[in-house]
file data09.cif (mmCIF, C-alpha atoms, pLDDT in the B column; chains and numbers go by the auth columns)
data_input
#
loop_
_atom_site.group_PDB
_atom_site.id
_atom_site.type_symbol
_atom_site.label_atom_id
_atom_site.label_comp_id
_atom_site.label_asym_id
_atom_site.label_seq_id
_atom_site.Cartn_x
_atom_site.Cartn_y
_atom_site.Cartn_z
_atom_site.B_iso_or_equiv
_atom_site.auth_seq_id
_atom_site.auth_asym_id
ATOM 1 C CA LYS A 1 108.361 92.497 62.034 85.00 1 V
ATOM 2 C CA PHE A 2 110.574 90.676 59.596 88.00 2 V
ATOM 3 C CA PRO A 3 113.255 91.052 58.541 92.00 3 V
ATOM 4 C CA LEU A 4 114.782 91.087 62.012 94.00 4 V
ATOM 5 C CA GLU A 5 117.962 93.118 62.517 96.00 5 V
ATOM 6 C CA LEU A 6 119.891 94.446 65.479 97.00 6 V
ATOM 7 C CA GLY A 7 118.718 97.848 66.667 97.00 7 V
ATOM 8 C CA LYS A 8 115.368 97.687 64.883 97.00 8 V
ATOM 9 C CA SER A 9 112.532 99.286 66.908 97.00 9 V
ATOM 10 C CA TRP A 10 108.805 99.669 66.466 96.00 10 V
ATOM 11 C CA ASN A 11 105.749 100.800 68.437 96.00 11 V
ATOM 12 C CA GLU A 12 102.255 99.342 68.586 94.00 12 V
ATOM 13 C CA ASP A 13 99.100 100.674 70.165 93.00 13 V
ATOM 14 C CA PHE A 14 97.077 98.273 72.306 87.00 14 V
ATOM 15 C CA TYR A 15 93.482 98.421 73.512 89.00 15 V
ATOM 16 C CA ILE A 16 92.089 96.368 76.417 87.00 16 V
ATOM 17 C CA GLY A 17 88.367 95.789 75.993 89.00 17 V
ATOM 18 C CA GLN A 18 85.619 95.106 78.494 90.00 18 V
ATOM 19 C CA GLY A 19 85.793 92.332 81.096 89.00 19 V
ATOM 20 C CA TRP A 20 89.271 93.031 82.475 83.00 20 V
ATOM 21 C CA GLY A 21 88.321 94.777 85.721 84.00 21 V
ATOM 22 C CA ASP A 22 90.349 97.908 86.433 78.00 22 V
ATOM 23 C CA TRP A 23 92.090 97.492 83.074 77.00 23 V
ATOM 24 C CA SER A 24 88.866 97.581 81.025 84.00 24 V
ATOM 25 C CA SER A 25 88.769 100.182 78.274 87.00 25 V
ATOM 26 C CA SER A 26 92.460 101.044 78.733 88.00 26 V
ATOM 27 C CA GLN A 27 94.715 102.096 75.922 91.00 27 V
ATOM 28 C CA GLY A 28 98.495 101.836 75.908 91.00 28 V
ATOM 29 C CA GLN A 29 101.555 101.533 73.757 94.00 29 V
ATOM 30 C CA TYR A 30 104.156 98.805 73.338 94.00 30 V
ATOM 31 C CA ILE A 31 107.716 99.664 72.345 97.00 31 V
ATOM 32 C CA TYR A 32 109.907 96.862 70.947 97.00 32 V
ATOM 33 C CA THR A 33 113.658 96.861 70.267 98.00 33 V
ATOM 34 C CA ILE A 34 115.812 94.048 68.920 98.00 34 V
ATOM 35 C CA GLU A 35 118.703 94.224 71.331 98.00 35 V
ATOM 36 C CA ALA A 36 121.000 91.244 70.649 98.00 36 V
ATOM 37 C CA ARG A 37 121.681 87.899 69.008 97.00 37 V
ATOM 38 C CA GLU A 38 122.748 85.448 71.657 97.00 38 V
ATOM 39 C CA ASP A 39 122.897 81.818 72.653 98.00 39 V
ATOM 40 C CA ILE A 40 120.480 81.033 75.478 96.00 40 V
ATOM 41 C CA GLU A 41 120.099 78.069 77.769 95.00 41 V
ATOM 42 C CA THR A 42 116.571 76.681 78.186 96.00 42 V
ATOM 43 C CA MET A 43 115.200 73.601 79.908 95.00 43 V
ATOM 44 C CA TYR A 44 115.097 72.060 76.419 95.00 44 V
ATOM 45 C CA ARG A 45 118.742 72.733 75.475 96.00 45 V
ATOM 46 C CA LEU A 46 121.181 75.469 74.523 97.00 46 V
ATOM 47 C CA ILE A 47 119.660 77.351 71.605 97.00 47 V
ATOM 48 C CA PRO A 48 122.153 79.305 69.468 96.00 48 V
ATOM 49 C CA THR A 49 121.751 82.770 67.951 96.00 49 V
ATOM 50 C CA CYS A 50 118.356 83.777 69.279 98.00 50 V
ATOM 51 C CA TRP A 51 117.061 87.276 68.722 98.00 51 V
ATOM 52 C CA LYS A 52 116.612 89.065 72.066 98.00 52 V
ATOM 53 C CA ILE A 53 113.740 91.527 71.926 98.00 53 V
ATOM 54 C CA LYS A 54 113.115 94.012 74.748 98.00 54 V
ATOM 55 C CA SER A 55 109.684 95.498 75.161 97.00 55 V
ATOM 56 C CA SER A 56 107.866 97.858 77.465 96.00 56 V
ATOM 57 C CA ALA A 57 104.151 98.522 77.700 93.00 57 V
ATOM 58 C CA LYS A 58 102.950 101.881 78.986 93.00 58 V
ATOM 59 C CA PHE A 59 99.378 102.177 80.223 89.00 59 V
ATOM 60 C CA PRO A 60 97.671 104.747 82.457 87.00 60 V
ATOM 61 C CA PHE A 61 97.919 102.301 85.385 86.00 61 V
ATOM 62 C CA GLY A 62 101.667 101.609 84.969 90.00 62 V
ATOM 63 C CA GLU A 63 104.478 100.139 82.902 94.00 63 V
ATOM 64 C CA SER A 64 105.274 96.471 82.259 94.00 64 V
ATOM 65 C CA LEU A 65 108.528 95.051 80.887 96.00 65 V
ATOM 66 C CA LEU A 66 109.049 92.038 78.654 96.00 66 V
ATOM 67 C CA ASP A 67 112.226 90.391 77.362 97.00 67 V
ATOM 68 C CA PHE A 68 111.784 87.553 74.941 96.00 68 V
ATOM 69 C CA TRP A 69 113.971 85.406 72.705 98.00 69 V
ATOM 70 C CA PHE A 70 113.081 84.197 69.235 98.00 70 V
ATOM 71 C CA ALA A 71 114.830 81.339 67.427 97.00 71 V
ATOM 72 C CA GLU A 72 114.096 81.203 63.726 94.00 72 V
ATOM 73 C CA GLU A 73 113.826 77.386 63.695 93.00 73 V
ATOM 74 C CA LEU A 74 111.723 77.097 66.895 95.00 74 V
ATOM 75 C CA GLY A 75 109.828 80.375 67.350 96.00 75 V
ATOM 76 C CA PHE A 76 109.629 82.067 70.755 96.00 76 V
ATOM 77 C CA VAL A 77 111.709 80.021 73.198 97.00 77 V
ATOM 78 C CA LYS A 78 111.915 82.167 76.338 98.00 78 V
ATOM 79 C CA MET A 79 110.067 85.068 77.953 97.00 79 V
ATOM 80 C CA ASN A 80 110.670 87.110 81.112 97.00 80 V
ATOM 81 C CA TYR A 81 107.772 89.392 82.011 96.00 81 V
ATOM 82 C CA THR A 82 107.471 91.906 84.861 96.00 82 V
ATOM 83 C CA ASN A 83 104.089 93.571 85.236 91.00 83 V
ATOM 84 C CA TYR A 84 103.365 97.059 86.463 90.00 84 V
ATOM 85 C CA VAL A 85 103.216 95.996 90.157 92.00 85 V
ATOM 86 C CA GLY A 86 106.488 94.036 90.001 94.00 86 V
ATOM 87 C CA GLN A 87 105.134 90.487 89.635 95.00 87 V
ATOM 88 C CA HIS A 88 107.259 88.189 87.450 97.00 88 V
ATOM 89 C CA LEU A 89 106.323 85.504 84.957 97.00 89 V
ATOM 90 C CA ASN A 90 109.068 83.497 83.247 97.00 90 V
ATOM 91 C CA ILE A 91 108.348 80.983 80.490 97.00 91 V
ATOM 92 C CA GLU A 92 110.829 78.882 78.527 97.00 92 V
ATOM 93 C CA LEU A 93 110.826 76.000 76.088 96.00 93 V
ATOM 94 C CA SER A 94 111.187 72.642 77.825 96.00 94 V
ATOM 95 C CA GLU A 95 110.629 70.167 74.995 95.00 95 V
ATOM 96 C CA VAL A 96 109.967 69.822 71.284 93.00 96 V
ATOM 97 C CA ASN A 97 107.757 67.072 69.928 91.00 97 V
ATOM 98 C CA GLU A 98 108.831 66.081 66.440 84.00 98 V
ATOM 99 C CA LYS A 99 106.152 64.674 64.110 81.00 99 V
#

call {"tool": "encode", "arguments": {"input": "data09.cif", "output": "structure tokens"}}
result
Amino acid sequence: KFPLELGKSWNEDFYIGQGWGDWSSSQGQYIYTIEAREDIETMYRLIPTCWKIKSSAKFPFGESLLDFWFAEELGFVKMNYTNYVGQHLNIELSEVNEK
């Protein structure tokens, strides 16, 4: 959703197909908002001026939350996800292999 800018929001519909158990044939909506530009610490190093994007996903079975950080030179560098039953998944950049 370039160009990125503080306060920008957008929605996207999402469909889960067959083969996902109770989630099969579900339809929901994601809401994204660019909330901040901030320096973040990762296992790799301090990464300056990342875009912080907050998201929520609303489905008939519940709501999930996602915060992620995007660095223009590295891509997505950190993600904190909480699913609709409260389980957490956190992912962050730990290394960069230069070619």

call {"tool": "closest_atom_pairs", "arguments": {"input": "data09.cif", "of": "region 13-44 of chain V", "to": "region 60-79 of chain V", "cutoff": "9 Å", "atoms": "all atoms listed in the file", "output": "Markdown table"}}
result
| residue | atom | partner | partner_atom | distance |
| --- | --- | --- | --- | --- |
| V:Asp22 | CA | V:Phe61 | CA | 8.8 |
| V:Trp23 | CA | V:Phe61 | CA | 7.9 |
| V:Ser26 | CA | V:Pro60 | CA | 7.4 |
| V:Gln27 | CA | V:Pro60 | CA | 7.6 |
| V:Gly28 | CA | V:Pro60 | CA | 7.2 |
| V:Arg37 | CA | V:Trp69 | CA | 8.9 |
| V:Glu38 | CA | V:Trp69 | CA | 8.8 |
| V:Ile40 | CA | V:Trp69 | CA | 8.3 |
| V:Thr42 | CA | V:Lys78 | CA | 7.4 |

call {"tool": "closest_residue", "arguments": {"input": "data09.cif", "among": "V:Ser55, V:Lys8, V:Arg45, V:Lys1", "to": "Glu92 (chain V)", "atoms": "only C-alpha atoms"}}
result
V:Arg45

call {"tool": "residues_near_point", "arguments": {"input": "data09.cif", "point": "(108.1, 86.6, 83.7)", "cutoff": "7 Å", "atoms": "only C-alpha atoms", "output": "list in words"}}
result
Met79, Asn80, Tyr81, Thr82, His88, Leu89, Asn90 and Ile91 of chain V

call {"tool": "atom_distance", "arguments": {"input": "data09.cif", "atom1": "CA of Thr49 (chain V)", "atom2": "CA of Lys99 (chain V)"}}
result
24.2 Å

call {"tool": "atom_distance", "arguments": {"input": "data09.cif", "atom1": "CA of Ile16 (chain V)", "atom2": "CA of Ile31 (chain V)"}}
result
16.5 Å

call {"tool": "atom_distance", "arguments": {"input": "data09.cif", "atom1": "CA of Tyr15 (chain V)", "atom2": "CA of Gln29 (chain V)"}}
result
8.7 Å

call {"tool": "build_atoms", "arguments": {"input": "data09.cif", "residues": "region 42-58 of chain V", "atoms": "N, CA, C and O atoms", "output": "mmCIF file, in the coordinates of the input"}}
result
data_model
loop_
_atom_site.group_PDB
_atom_site.id
_atom_site.type_symbol
_atom_site.label_atom_id
_atom_site.label_comp_id
_atom_site.auth_asym_id
_atom_site.auth_seq_id
_atom_site.Cartn_x
_atom_site.Cartn_y
_atom_site.Cartn_z
ATOM 1 N N THR V 42 117.950 76.939 77.757
ATOM 2 C CA THR V 42 116.571 76.681 78.186
ATOM 3 C C THR V 42 116.517 75.294 78.805
ATOM 4 O O THR V 42 117.497 74.539 78.747
ATOM 5 N N MET V 43 115.369 74.953 79.374
ATOM 6 C CA MET V 43 115.200 73.601 79.908
ATOM 7 C C MET V 43 115.322 72.561 78.793
ATOM 8 O O MET V 43 115.697 71.430 79.040
ATOM 9 N N TYR V 44 115.012 72.956 77.568
ATOM 10 C CA TYR V 44 115.097 72.060 76.419
ATOM 11 C C TYR V 44 116.552 71.786 76.048
ATOM 12 O O TYR V 44 116.983 70.650 75.962
ATOM 13 N N ARG V 45 117.322 72.839 75.819
ATOM 14 C CA ARG V 45 118.742 72.733 75.475
ATOM 15 C C ARG V 45 119.286 74.137 75.231
ATOM 16 O O ARG V 45 118.545 75.106 75.254
ATOM 17 N N LEU V 46 120.576 74.214 74.956
ATOM 18 C CA LEU V 46 121.181 75.469 74.523
ATOM 19 C C LEU V 46 120.680 75.761 73.113
ATOM 20 O O LEU V 46 120.748 74.899 72.231
ATOM 21 N N ILE V 47 120.181 76.964 72.913
ATOM 22 C CA ILE V 47 119.660 77.351 71.605
ATOM 23 C C ILE V 47 120.529 78.494 71.089
ATOM 24 O O ILE V 47 120.588 79.563 71.696
ATOM 25 N N PRO V 48 121.220 78.275 69.971
ATOM 26 C CA PRO V 48 122.153 79.305 69.468
ATOM 27 C C PRO V 48 121.450 80.437 68.724
ATOM 28 O O PRO V 48 120.366 80.265 68.167
ATOM 29 N N THR V 49 122.075 81.566 68.734
ATOM 30 C CA THR V 49 121.751 82.770 67.951
ATOM 31 C C THR V 49 120.270 83.152 67.954
ATOM 32 O O THR V 49 119.658 83.321 66.905
ATOM 33 N N CYS V 50 119.726 83.285 69.145
ATOM 34 C CA CYS V 50 118.356 83.777 69.279
ATOM 35 C C CYS V 50 118.356 85.303 69.203
ATOM 36 O O CYS V 50 119.302 85.959 69.617
ATOM 37 N N TRP V 51 117.276 85.832 68.706
ATOM 38 C CA TRP V 51 117.061 87.276 68.722
ATOM 39 C C TRP V 51 116.500 87.646 70.090
ATOM 40 O O TRP V 51 115.478 87.106 70.505
ATOM 41 N N LYS V 52 117.142 88.563 70.801
ATOM 42 C CA LYS V 52 116.612 89.065 72.066
ATOM 43 C C LYS V 52 115.866 90.359 71.783
ATOM 44 O O LYS V 52 116.426 91.304 71.237
ATOM 45 N N ILE V 53 114.596 90.378 72.170
ATOM 46 C CA ILE V 53 113.740 91.527 71.926
ATOM 47 C C ILE V 53 113.275 92.074 73.280
ATOM 48 O O ILE V 53 112.707 91.339 74.079
ATOM 49 N N LYS V 54 113.563 93.333 73.536
ATOM 50 C CA LYS V 54 113.115 94.012 74.748
ATOM 51 C C LYS V 54 111.858 94.798 74.412
ATOM 52 O O LYS V 54 111.759 95.381 73.337
ATOM 53 N N SER V 55 110.924 94.788 75.376
ATOM 54 C CA SER V 55 109.684 95.498 75.161
ATOM 55 C C SER V 55 109.231 96.147 76.455
ATOM 56 O O SER V 55 109.496 95.632 77.542
ATOM 57 N N SER V 56 108.544 97.248 76.322
ATOM 58 C CA SER V 56 107.866 97.858 77.465
ATOM 59 C C SER V 56 106.461 98.228 77.015
ATOM 60 O O SER V 56 106.231 98.535 75.842
ATOM 61 N N ALA V 57 105.539 98.152 77.968
ATOM 62 C CA ALA V 57 104.151 98.522 77.700
ATOM 63 C C ALA V 57 103.775 99.629 78.676
ATOM 64 O O ALA V 57 103.910 99.454 79.885
ATOM 65 N N LYS V 58 103.333 100.749 78.145
ATOM 66 C CA LYS V 58 102.950 101.881 78.986
ATOM 67 C C LYS V 58 101.444 102.082 78.905
ATOM 68 O O LYS V 58 100.898 102.291 77.819
#
